[in-house]
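Chemist: File follows, protein_30.cif with mmCIF, C-alpha atoms:
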```cif
data_final
#
loop_
_atom_site.label_atom_id
_atom_site.label_comp_id
_atom_site.auth_asym_id
_atom_site.auth_seq_id
_atom_site.Cartn_x
_atom_site.Cartn_y
_atom_site.Cartn_z
CA MET A 191 2.70 -20.25 -34.31
CA HIS A 192 2.01 -21.01 -30.67
CA GLU A 193 0.59 -24.39 -31.68
CA MET A 194 3.90 -25.97 -30.65
CA SER A 195 3.45 -24.69 -27.07
CA VAL A 196 -0.16 -25.85 -27.12
CA ALA A 197 0.85 -29.32 -28.39
CA THR A 198 3.56 -29.57 -25.70
CA SER A 199 1.05 -28.73 -22.95
CA LEU A 200 -1.45 -31.18 -24.43
CA ILE A 201 1.12 -33.98 -24.52
CA ASP A 202 2.07 -33.33 -20.87
CA ILE A 203 -1.57 -33.87 -19.89
CA VAL A 204 -1.88 -37.01 -22.06
CA LEU A 205 1.31 -38.56 -20.67
CA ASP A 206 0.37 -37.79 -17.06
CA THR A 207 -3.10 -39.25 -17.50
CA ALA A 208 -1.83 -42.38 -19.27
CA LYS A 209 0.85 -43.01 -16.64
CA ASN A 210 -1.52 -42.43 -13.72
CA ASN A 211 -3.88 -45.03 -15.21
CA ASN A 212 -1.11 -47.52 -16.02
CA ALA A 213 -1.90 -47.44 -19.72
CA SER A 214 0.65 -49.11 -21.99
CA LYS A 215 -0.28 -47.24 -25.13
CA VAL A 216 -2.38 -44.23 -26.12
CA THR A 217 -4.29 -44.70 -29.39
CA LYS A 218 -6.45 -41.60 -29.67
CA VAL A 219 -6.51 -38.12 -28.17
CA PHE A 220 -9.71 -36.10 -28.44
CA VAL A 221 -9.58 -32.33 -28.27
CA LYS A 222 -12.07 -29.52 -28.73
CA ILE A 223 -10.93 -26.35 -30.43
CA GLY A 224 -13.27 -23.39 -30.74
CA ARG A 225 -13.18 -21.29 -33.89
CA LEU A 226 -12.32 -18.33 -31.70
CA ALA A 227 -9.45 -20.07 -29.89
CA GLY A 228 -6.91 -18.73 -32.38
CA ILE A 229 -5.58 -22.18 -33.18
CA GLU A 230 -4.66 -23.32 -36.67
CA LYS A 231 -5.85 -26.92 -36.81
CA ASP A 232 -3.23 -28.14 -39.29
CA ALA A 233 -0.43 -26.49 -37.34
CA LEU A 234 -1.61 -28.18 -34.14
CA LEU A 235 -1.81 -31.60 -35.86
CA PHE A 236 1.64 -31.05 -37.34
CA ALA A 237 3.11 -30.05 -33.98
CA TYR A 238 1.50 -33.01 -32.21
CA ASP A 239 2.81 -35.49 -34.78
CA ALA A 240 6.28 -33.93 -34.62
CA ILE A 241 6.51 -34.24 -30.83
CA LYS A 242 4.76 -37.58 -30.31
CA ASP A 243 7.64 -39.55 -31.85
CA GLU A 244 9.73 -38.69 -28.80
CA TYR A 245 7.44 -40.63 -26.47
CA GLY A 246 6.83 -44.39 -26.81
CA LEU A 247 3.51 -44.15 -25.00
CA ILE A 248 1.92 -41.85 -27.59
CA LYS A 249 4.04 -42.62 -30.63
CA GLU A 250 1.19 -44.35 -32.46
CA SER A 251 -1.59 -42.09 -31.23
CA GLU A 252 -3.80 -39.97 -33.40
CA MET A 253 -5.22 -36.60 -32.42
CA VAL A 254 -8.88 -36.04 -33.27
CA ILE A 255 -9.96 -32.40 -33.31
CA GLU A 256 -13.56 -31.36 -32.89
CA ASP A 257 -14.25 -27.91 -34.34
CA VAL A 258 -16.55 -25.92 -32.12
CA PRO A 259 -18.59 -23.17 -33.80
CA ILE A 260 -19.04 -19.73 -32.28
CA THR A 261 -22.47 -19.38 -30.73
CA GLY A 262 -23.91 -16.67 -28.54
CA LYS A 263 -27.01 -15.29 -26.93
CA CYS A 264 -28.24 -11.72 -27.24
CA HIS A 265 -28.57 -9.88 -23.92
CA LYS A 266 -31.25 -7.60 -25.31
CA CYS A 267 -33.72 -9.97 -27.00
CA GLY A 268 -32.51 -13.42 -25.99
CA LYS A 269 -31.94 -14.75 -29.52
CA THR A 270 -29.23 -17.38 -29.90
CA ASP A 271 -27.03 -17.27 -33.00
CA THR A 272 -24.20 -19.12 -34.67
CA TYR A 273 -21.65 -16.63 -36.00
CA THR A 274 -19.82 -17.31 -39.22
CA GLU A 275 -18.37 -13.80 -39.38
CA MET A 276 -16.10 -12.53 -36.64
CA PHE A 277 -18.54 -9.80 -35.78
CA PHE A 278 -20.92 -10.71 -33.04
CA ALA A 279 -24.09 -8.74 -33.61
CA CYS A 280 -27.54 -10.20 -32.91
CA SER A 281 -29.20 -11.37 -36.14
CA SER A 282 -32.59 -10.38 -34.80
CA CYS A 283 -32.23 -6.98 -33.08
CA GLY A 284 -28.69 -5.99 -34.15
CA ALA A 285 -27.35 -5.46 -30.61
CA TYR A 286 -23.64 -6.05 -29.93
CA GLU A 287 -24.29 -7.12 -26.37
CA VAL A 288 -24.10 -10.84 -26.96
CA GLU A 289 -22.74 -13.41 -24.57
CA LEU A 290 -20.65 -16.04 -26.29
CA LEU A 291 -21.72 -19.56 -25.35
CA THR A 292 -19.17 -21.57 -27.33
CA GLY A 293 -16.22 -21.00 -29.63
CA GLU A 294 -13.42 -20.23 -27.18
CA GLU A 295 -12.67 -23.85 -26.22
CA MET A 296 -9.16 -25.24 -26.17
CA SER A 297 -9.56 -28.42 -24.18
CA ILE A 298 -8.81 -32.10 -24.09
CA THR A 299 -11.87 -34.26 -23.49
CA GLU A 300 -10.69 -37.88 -23.44
CA ILE A 301 -8.04 -40.32 -24.57
CA GLU A 302 -8.28 -43.92 -25.76
CA VAL A 303 -5.71 -46.27 -24.28
CA ASP A 304 -4.62 -49.91 -24.40
CA MET B 115 -8.59 -50.78 -24.64
CA GLY B 116 -10.47 -48.10 -22.75
CA LYS B 117 -11.41 -44.50 -22.60
CA LEU B 118 -10.12 -42.04 -20.07
CA ILE B 119 -12.22 -38.91 -19.64
CA ILE B 120 -10.06 -35.87 -18.97
CA LYS B 121 -12.01 -32.62 -19.56
CA GLU B 122 -9.13 -30.26 -18.95
CA LYS B 123 -8.06 -27.05 -20.61
CA ILE B 124 -4.98 -27.70 -22.69
CA LEU B 125 -3.15 -24.69 -21.29
CA SER B 126 -4.18 -25.49 -17.71
CA LYS B 127 -0.58 -25.54 -16.48
CA ASN B 128 -0.03 -21.98 -17.69
CA SER B 129 -3.44 -20.94 -16.32
CA ASP B 130 -2.63 -22.45 -12.90
CA MET B 131 0.62 -20.52 -12.74
CA ALA B 132 -1.20 -17.35 -13.86
CA LYS B 133 -3.68 -17.87 -11.03
CA GLN B 134 -0.81 -18.13 -8.52
CA LEU B 135 0.67 -14.93 -9.94
CA ARG B 136 -2.69 -13.17 -9.67
CA ASN B 137 -2.79 -14.10 -5.98
CA LYS B 138 0.62 -12.50 -5.53
CA PHE B 139 -0.45 -9.33 -7.37
CA LYS B 140 -2.82 -8.25 -4.62
CA ASN B 141 -1.63 -4.63 -4.53
CA THR B 142 -0.05 -4.42 -7.96
CA LEU B 143 -1.97 -3.52 -11.10
CA VAL B 144 -0.67 -5.69 -13.93
CA LEU B 145 -1.28 -4.65 -17.54
CA ASN B 146 -0.39 -6.86 -20.48
CA PHE B 147 0.29 -4.74 -23.60
CA VAL B 148 -0.26 -6.66 -26.83
CA SER B 149 -0.09 -5.67 -30.50
CA SER B 150 1.44 -6.46 -33.87
CA PRO B 151 5.14 -5.61 -34.15
CA GLY B 152 5.76 -1.91 -34.71
CA SER B 153 2.47 -0.49 -33.40
CA GLY B 154 4.34 1.75 -30.97
CA LYS B 155 3.92 -0.03 -27.62
CA THR B 156 7.37 0.89 -26.37
CA SER B 157 7.05 4.51 -27.53
CA ILE B 158 3.72 4.85 -25.72
CA LEU B 159 5.18 3.34 -22.56
CA GLU B 160 8.25 5.61 -22.67
CA ARG B 161 5.98 8.65 -22.62
CA VAL B 162 3.22 7.48 -20.28
CA LEU B 163 5.45 5.90 -17.64
CA VAL B 164 7.30 9.20 -17.25
CA MET B 165 3.95 10.78 -16.27
CA LEU B 166 3.37 8.13 -13.60
CA LYS B 167 6.81 7.31 -12.24
CA ASP B 168 7.08 9.98 -9.56
CA LYS B 169 3.76 9.06 -8.05
CA TYR B 170 3.82 5.28 -8.30
CA LYS B 171 6.27 2.39 -8.04
CA LEU B 172 6.54 0.98 -11.55
CA ALA B 173 8.37 -1.72 -13.43
CA VAL B 174 8.18 -3.25 -16.90
CA ILE B 175 8.72 -6.77 -18.18
CA GLU B 176 9.76 -6.60 -21.82
CA GLY B 177 9.19 -9.58 -24.10
CA ASP B 178 11.01 -9.88 -27.41
CA GLN B 179 12.48 -12.74 -29.35
CA GLN B 180 15.91 -11.14 -29.21
CA THR B 181 17.83 -8.06 -27.96
CA SER B 182 17.44 -5.95 -24.84
CA ASN B 183 16.73 -2.81 -26.89
CA ASP B 184 13.24 -2.24 -25.46
CA ALA B 185 14.28 -2.78 -21.83
CA ASP B 186 17.14 -0.32 -22.45
CA ARG B 187 14.66 2.26 -23.78
CA ILE B 188 12.41 1.87 -20.73
CA GLU B 189 15.34 2.06 -18.30
CA ALA B 190 16.47 5.27 -19.98
CA THR B 191 13.25 6.84 -18.64
CA GLY B 192 14.25 5.87 -15.10
CA VAL B 193 11.78 2.99 -14.79
CA ARG B 194 13.11 -0.47 -13.93
CA ALA B 195 12.77 -3.09 -16.67
CA PHE B 196 13.44 -6.77 -17.05
CA GLN B 197 14.00 -8.17 -20.52
CA VAL B 198 12.76 -11.66 -21.42
CA ASN B 199 14.16 -13.04 -24.65
CA THR B 200 11.80 -15.73 -25.83
CA GLY B 201 14.16 -17.08 -28.51
CA GLY B 202 11.96 -18.92 -30.95
CA SER B 203 8.73 -18.33 -29.09
CA CYS B 204 6.10 -15.85 -30.24
CA HIS B 205 4.52 -15.04 -26.87
CA LEU B 206 5.23 -14.69 -23.17
CA GLU B 207 4.04 -17.37 -20.76
CA ALA B 208 3.24 -17.10 -17.06
CA SER B 209 6.62 -18.65 -16.22
CA ASP B 210 8.34 -15.68 -17.91
CA VAL B 211 6.43 -13.29 -15.65
CA GLU B 212 7.45 -15.41 -12.65
CA ARG B 213 11.10 -14.90 -13.64
CA GLY B 214 10.46 -11.20 -14.11
CA ILE B 215 9.04 -10.65 -10.64
CA ALA B 216 11.85 -12.71 -9.09
CA GLU B 217 14.10 -9.94 -10.38
CA LEU B 218 11.82 -6.89 -10.02
CA GLY B 219 10.09 -7.82 -6.75
CA LEU B 220 6.46 -7.25 -5.81
CA ASP B 221 6.69 -3.89 -4.11
CA LEU B 222 5.03 -2.26 -7.09
CA ASP B 223 1.89 -0.25 -7.78
CA LEU B 224 2.03 -1.03 -11.48
CA LEU B 225 3.69 -3.78 -13.47
CA ILE B 226 3.53 -3.45 -17.23
CA ILE B 227 4.17 -6.51 -19.35
CA GLU B 228 5.04 -5.57 -22.91
CA ASN B 229 4.35 -8.77 -24.76
CA VAL B 230 6.05 -10.01 -27.92
CA GLY B 231 4.61 -8.24 -30.98
CA ASN B 232 2.00 -10.76 -32.12
CA LEU B 233 -1.79 -10.48 -32.28
CA VAL B 234 -2.52 -14.19 -32.35
CA CYS B 235 -0.45 -16.24 -29.94
CA THR B 236 -0.32 -13.77 -27.07
CA ALA B 237 -4.11 -13.98 -26.71
CA ALA B 238 -4.00 -17.56 -25.49
CA PHE B 239 -1.63 -17.18 -22.55
CA ASP B 240 -2.90 -15.77 -19.28
CA LEU B 241 -0.03 -13.97 -17.55
CA GLY B 242 -1.86 -13.20 -14.33
CA GLU B 243 -2.64 -9.69 -15.57
CA ASP B 244 -5.62 -7.55 -14.59
CA ALA B 245 -6.18 -6.42 -18.16
CA LYS B 246 -4.90 -6.82 -21.68
CA ILE B 247 -4.35 -3.52 -23.47
CA ILE B 248 -4.41 -3.86 -27.26
CA VAL B 249 -2.45 -1.37 -29.36
CA LEU B 250 -3.11 -0.90 -33.07
CA SER B 251 -1.57 1.77 -35.28
CA THR B 252 -3.17 3.68 -38.12
CA THR B 253 -0.67 2.26 -40.63
CA GLU B 254 -2.32 -1.14 -40.16
CA GLY B 255 -5.67 -2.24 -41.57
CA GLU B 256 -8.82 -0.96 -39.88
CA ASP B 257 -10.27 -4.47 -40.11
CA LYS B 258 -7.71 -5.98 -37.71
CA PRO B 259 -10.33 -6.38 -34.94
CA ILE B 260 -12.35 -8.78 -37.09
CA LYS B 261 -9.24 -10.42 -38.53
CA TYR B 262 -7.86 -11.11 -35.05
CA PRO B 263 -11.03 -11.45 -32.99
CA THR B 264 -9.51 -13.81 -30.43
CA MET B 265 -7.28 -11.01 -29.19
CA PHE B 266 -9.94 -8.30 -29.27
CA ARG B 267 -12.28 -10.59 -27.38
CA VAL B 268 -9.91 -10.79 -24.40
CA GLY B 269 -8.92 -7.10 -24.36
CA THR B 270 -10.05 -4.48 -21.87
CA ALA B 271 -8.76 -1.35 -23.60
CA PHE B 272 -7.97 -0.59 -27.21
CA ILE B 273 -5.40 2.06 -28.05
CA ILE B 274 -5.34 3.38 -31.61
CA ASN B 275 -1.87 4.86 -32.00
CA LYS B 276 -0.15 7.10 -34.59
CA THR B 277 -3.26 9.26 -35.08
CA ASP B 278 -0.95 11.98 -36.45
CA LEU B 279 -0.70 9.87 -39.62
CA LEU B 280 -4.46 9.75 -40.24
CA PRO B 281 -4.38 12.43 -42.99
CA TYR B 282 -1.83 10.36 -44.94
CA VAL B 283 -3.27 6.84 -44.67
CA ASP B 284 -6.52 5.16 -45.72
CA PHE B 285 -7.27 4.01 -42.17
CA ASP B 286 -10.95 4.60 -41.32
CA ILE B 287 -10.80 5.09 -37.57
CA GLU B 288 -14.57 5.08 -36.98
CA LYS B 289 -14.94 1.85 -38.96
CA CYS B 290 -12.11 0.33 -36.93
CA ILE B 291 -13.84 1.22 -33.64
CA GLU B 292 -17.11 -0.18 -35.02
CA TYR B 293 -15.38 -3.48 -35.86
CA ALA B 294 -13.77 -3.63 -32.43
CA LYS B 295 -17.12 -3.05 -30.70
CA GLY B 296 -18.66 -5.78 -32.83
CA VAL B 297 -16.16 -8.20 -31.36
CA LYS B 298 -16.11 -6.77 -27.82
CA PRO B 299 -18.77 -4.12 -27.10
CA ASP B 300 -17.32 -2.88 -23.81
CA LEU B 301 -13.75 -2.17 -25.02
CA ASP B 302 -12.45 1.21 -23.82
CA VAL B 303 -11.02 3.10 -26.79
CA ILE B 304 -8.18 5.63 -26.47
CA LYS B 305 -6.65 7.42 -29.46
CA THR B 306 -3.00 8.34 -29.12
CA SER B 307 -0.07 9.85 -30.97
CA CYS B 308 3.47 9.89 -29.62
CA LYS B 309 4.32 12.66 -32.09
CA THR B 310 1.59 15.16 -31.16
CA GLY B 311 1.01 13.83 -27.64
CA GLU B 312 -2.70 13.24 -28.31
CA GLY B 313 -4.33 10.94 -25.80
CA LEU B 314 -1.22 10.20 -23.74
CA GLN B 315 -2.42 12.08 -20.66
CA GLU B 316 -5.81 10.44 -21.05
CA LEU B 317 -4.07 7.05 -21.10
CA ALA B 318 -2.01 7.94 -18.02
CA ARG B 319 -5.21 8.95 -16.19
CA TYR B 320 -6.92 5.75 -17.33
CA ILE B 321 -4.08 3.66 -15.91
CA GLU B 322 -4.03 5.71 -12.73
CA LYS B 323 -7.71 5.07 -12.22
CA MET B 324 -7.12 1.35 -12.65
CA ILE B 325 -4.31 1.48 -10.05
CA GLN B 326 -6.68 3.15 -7.59
CA ILE B 327 -9.46 0.63 -8.26
CA LYS B 328 -7.00 -2.22 -7.74
CA LYS B 329 -5.87 -0.80 -4.43
CA GLY B 330 -9.49 -0.41 -3.36
#
```
How does the structure come out when it is put into structure tokens?

Modeler:
Amino acid sequence: MHEMSVATSLIDIVLDTAKNNNASKVTKVFVKIGRLAGIEKDALLFAYDAIKDEYGLIKESEMVIEDVPITGKCHKCGKTDTYTEMFFACSSCGAYEVELLTGEEMSITEIEVD
Amino acid sequence: MGKLIIKEKILSKNSDMAKQLRNKFKNTLVLNFVSSPGSGKTSILERVLVMLKDKYKLAVIEGDQQTSNDADRIEATGVRAFQVNTGGSCHLEASDVERGIAELGLDLDLLIIENVGNLVCTAAFDLGEDAKIIVLSTTEGEDKPIKYPTMFRVGTAFIINKTDLLPYVDFDIEKCIEYAKGVKPDLDVIKTSCKTGEGLQELARYIEKMIQIKKG
């Protein structure tokens, strides 16, 4: 349950950005969370909603989470795959030596402000 | 109404502090030990640090929600320890390590951070370490690497502890290693038992080698 720490860090970034741009209100916050980031989406939404009430600037904002799938490229044969299982073997040649391309994201991409 | 593009990692503040710590740890190998509660991290450290303490300057940062029990156990071996009580929090953050080194200093060859027992949350927070060492015990499920892939993905070494119990439990050690390699192919695997002593000298040598590599 580190989603509370993650939400707190996220809100710090949102507040700083809004203040630096003289925004009067934040309406939406867009984040990208990879399936391999170890974040429970509902817990993050819950934590964000619980904390946002403390700050007028983001009180009415909504967090929009984009799920990022786990994708990777095989070092041996070059095949790219999307992994649904948490076992990253190449679907073509079976090698474990795959480089993950996406899935580890935990980032904020943009906010909408008034 | 407008859009402000940010493109920043959510935990960038922690990562920035970890980067500053890493710059300070020029001559100190820093290992972050992570596991579920009860895997035997402290028991392993008690035994392995004794093998290293006469040769190297060591210290341990202990993370637990409550009590100083683990720091007391480490100090009983003659190695300095600093206890961080995280209260409600399930992981250590870079700021906790900063507090630890304020107390322990930087004149160290090896700093061990024993994280809070948790295989999920601890994976997300960079503590400025050189490597994360994952400990799993044979009384847990062999499928933990694929259940908690985020952690195994960021690990450097994987210790399978309590091997003395293998005859009594259903833990399939080869299957476990196979799962771990499927998540992170280059994980170094070390099998240990604090009861029989299996693998403890191998672990001490492994750490020693890392200290030497760090010092160049």

Chemist: List the residues matched by the PyMOL selection byres ((chain A and resi 203-214) around 7) in the displayed structure as a list in words, ordered by chain and then by residue number.

Modeler: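 Selection result, ordered by chain and number: Ser199, Leu200, Ile201, Asp202, Lys215, Leu247, Val303 and Asp304 of chain A.
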
Chemist: Enumerate, in order of chain and increasing residue number, the residues of chain A with an atom no farther than 9 Å from chain B, each with its shortest atom pair and distance in Å to one decimal, counting all atoms listed in the file, as a tab-separated table.

Modeler:
```
residue	atom	partner	partner_atom	distance
A:Met191	CA	B:Cys235	CA	6.7
A:His192	CA	B:Cys235	CA	5.4
A:Glu193	CA	B:Cys235	CA	8.4
A:Ser195	CA	B:Ser203	CA	8.5
A:Val196	CA	B:Leu125	CA	6.7
A:Ala197	CA	B:Ile124	CA	8.3
A:Ser199	CA	B:Leu125	CA	6.1
A:Leu200	CA	B:Ile124	CA	5.3
A:Ile201	CA	B:Ile124	CA	8.9
A:Ile203	CA	B:Ile124	CA	7.6
A:Val204	CA	B:Ile120	CA	8.8
A:Thr207	CA	B:Ile120	CA	7.9
A:Ala208	CA	B:Leu118	CA	8.3
A:Asn211	CA	B:Leu118	CA	8.5
A:Ala213	CA	B:Met115	CA	9.0
A:Thr217	CA	B:Met115	CA	8.8
A:Val221	CA	B:Ile124	CA	8.6
A:Leu226	CA	B:Thr264	CA	5.5
A:Ala227	CA	B:Thr264	CA	6.3
A:Gly228	CA	B:Thr264	CA	5.9
A:Ile229	CA	B:Cys235	CA	8.5
A:Glu275	CA	B:Ile260	CA	8.2
A:Met276	CA	B:Ile260	CA	5.3
A:Phe277	CA	B:Gly296	CA	5.0
A:Phe278	CA	B:Gly296	CA	5.4
A:Ala279	CA	B:Gly296	CA	6.2
A:Ala285	CA	B:Gly296	CA	9.0
A:Tyr286	CA	B:Gly296	CA	5.8
A:Glu287	CA	B:Pro299	CA	6.3
A:Val288	CA	B:Pro299	CA	8.6
A:Glu294	CA	B:Thr264	CA	8.2
A:Glu295	CA	B:Lys123	CA	7.9
A:Met296	CA	B:Lys123	CA	5.9
A:Ser297	CA	B:Lys123	CA	4.1
A:Ile298	CA	B:Glu122	CA	5.5
A:Thr299	CA	B:Lys121	CA	4.3
A:Glu300	CA	B:Ile119	CA	4.2
A:Ile301	CA	B:Leu118	CA	5.2
A:Glu302	CA	B:Lys117	CA	4.5
A:Val303	CA	B:Gly116	CA	5.3
A:Asp304	CA	B:Met115	CA	4.1
```

Chemist: Tell me which protein, DNA and RNA residues are within 8 Å of range 146-148 of chain B, counting only C-alpha atoms, leaving out same-chain ones fewer than 2 positions away, and put them as a ChimeraX atom specification.

Modeler: /B:144,150,155,226-233,236,241,243-249

Chemist: Need to verify the contact set: Pro281 in chain B, 12 Å, all atoms listed in the file, exclusion of same-chain residues closer than 6 positions in sequence. Can you return it as a short mmCIF file (atom, residue, chain, number, x, y, z; two decimals) with C-alpha atoms, keeping the file's coordinate frame?

Modeler:
```
data_model
loop_
_atom_site.label_atom_id
_atom_site.label_comp_id
_atom_site.auth_asym_id
_atom_site.auth_seq_id
_atom_site.Cartn_x
_atom_site.Cartn_y
_atom_site.Cartn_z
CA THR B 252 -3.17 3.68 -38.12
CA THR B 253 -0.67 2.26 -40.63
CA ILE B 287 -10.80 5.09 -37.57
#
```

Chemist: On this file, the PyMOL selection byres ((chain B and resi 163) around 12) gives some set of residues; write that set as a PyMOL selection string.

Modeler: chain B and resi 155-162+164-174+187-195+224-226+314-315+317-319+321-322

Chemist: Could you take the residues named above and write them with C-alpha atoms, as a PDB file, in the coordinates of the input?

Modeler:
```
ATOM      1  CA  LYS B 155       3.920  -0.030 -27.620  1.00  0.00           C
ATOM      2  CA  THR B 156       7.370   0.890 -26.370  1.00  0.00           C
ATOM      3  CA  SER B 157       7.050   4.510 -27.530  1.00  0.00           C
ATOM      4  CA  ILE B 158       3.720   4.850 -25.720  1.00  0.00           C
ATOM      5  CA  LEU B 159       5.180   3.340 -22.560  1.00  0.00           C
ATOM      6  CA  GLU B 160       8.250   5.610 -22.670  1.00  0.00           C
ATOM      7  CA  ARG B 161       5.980   8.650 -22.620  1.00  0.00           C
ATOM      8  CA  VAL B 162       3.220   7.480 -20.280  1.00  0.00           C
ATOM      9  CA  VAL B 164       7.300   9.200 -17.250  1.00  0.00           C
ATOM     10  CA  MET B 165       3.950  10.780 -16.270  1.00  0.00           C
ATOM     11  CA  LEU B 166       3.370   8.130 -13.600  1.00  0.00           C
ATOM     12  CA  LYS B 167       6.810   7.310 -12.240  1.00  0.00           C
ATOM     13  CA  ASP B 168       7.080   9.980  -9.560  1.00  0.00           C
ATOM     14  CA  LYS B 169       3.760   9.060  -8.050  1.00  0.00           C
ATOM     15  CA  TYR B 170       3.820   5.280  -8.300  1.00  0.00           C
ATOM     16  CA  LYS B 171       6.270   2.390  -8.040  1.00  0.00           C
ATOM     17  CA  LEU B 172       6.540   0.980 -11.550  1.00  0.00           C
ATOM     18  CA  ALA B 173       8.370  -1.720 -13.430  1.00  0.00           C
ATOM     19  CA  VAL B 174       8.180  -3.250 -16.900  1.00  0.00           C
ATOM     20  CA  ARG B 187      14.660   2.260 -23.780  1.00  0.00           C
ATOM     21  CA  ILE B 188      12.410   1.870 -20.730  1.00  0.00           C
ATOM     22  CA  GLU B 189      15.340   2.060 -18.300  1.00  0.00           C
ATOM     23  CA  ALA B 190      16.470   5.270 -19.980  1.00  0.00           C
ATOM     24  CA  THR B 191      13.250   6.840 -18.640  1.00  0.00           C
ATOM     25  CA  GLY B 192      14.250   5.870 -15.100  1.00  0.00           C
ATOM     26  CA  VAL B 193      11.780   2.990 -14.790  1.00  0.00           C
ATOM     27  CA  ARG B 194      13.110  -0.470 -13.930  1.00  0.00           C
ATOM     28  CA  ALA B 195      12.770  -3.090 -16.670  1.00  0.00           C
ATOM     29  CA  LEU B 224       2.030  -1.030 -11.480  1.00  0.00           C
ATOM     30  CA  LEU B 225       3.690  -3.780 -13.470  1.00  0.00           C
ATOM     31  CA  ILE B 226       3.530  -3.450 -17.230  1.00  0.00           C
ATOM     32  CA  LEU B 314      -1.220  10.200 -23.740  1.00  0.00           C
ATOM     33  CA  GLN B 315      -2.420  12.080 -20.660  1.00  0.00           C
ATOM     34  CA  LEU B 317      -4.070   7.050 -21.100  1.00  0.00           C
ATOM     35  CA  ALA B 318      -2.010   7.940 -18.020  1.00  0.00           C
ATOM     36  CA  ARG B 319      -5.210   8.950 -16.190  1.00  0.00           C
ATOM     37  CA  ILE B 321      -4.080   3.660 -15.910  1.00  0.00           C
ATOM     38  CA  GLU B 322      -4.030   5.710 -12.730  1.00  0.00           C
TER      39      GLU B 322
END
```

Chemist: What does the distance from CA of Gln180 in chain B to CA of Ala208 in chain B come to in Å, to one decimal?

Modeler: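 Answer for the CA of Gln180 in chain B to CA of Ala208 in chain B separation: 18.5 Å.
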
Chemist: If I take CA of Lys231 in chain A and CA of Lys249 in chain A, how far is one from the other in Å, to one decimal?

Modeler: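 Between CA of Lys231 in chain A and CA of Lys249 in chain A the gap works out to 19.6 Å.
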
Chemist: Using CA of Leu222 in chain B and CA of Gly330 in chain B as the two end points, give the distance in Å to one decimal.

Modeler: 15.1 Å

Chemist: For this file, the PyMOL selection byres ((chain A and resi 238) around 8) selects which residues, as a list in words?

Modeler: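 Given this file, the PyMOL selection byres ((chain A and resi 238) around 8) evaluates to Met194, Ala197, Thr198, Ile201, Leu234, Leu235, Phe236, Ala237, Asp239, Ala240, Ile241, Lys242 and Met253 of chain A.
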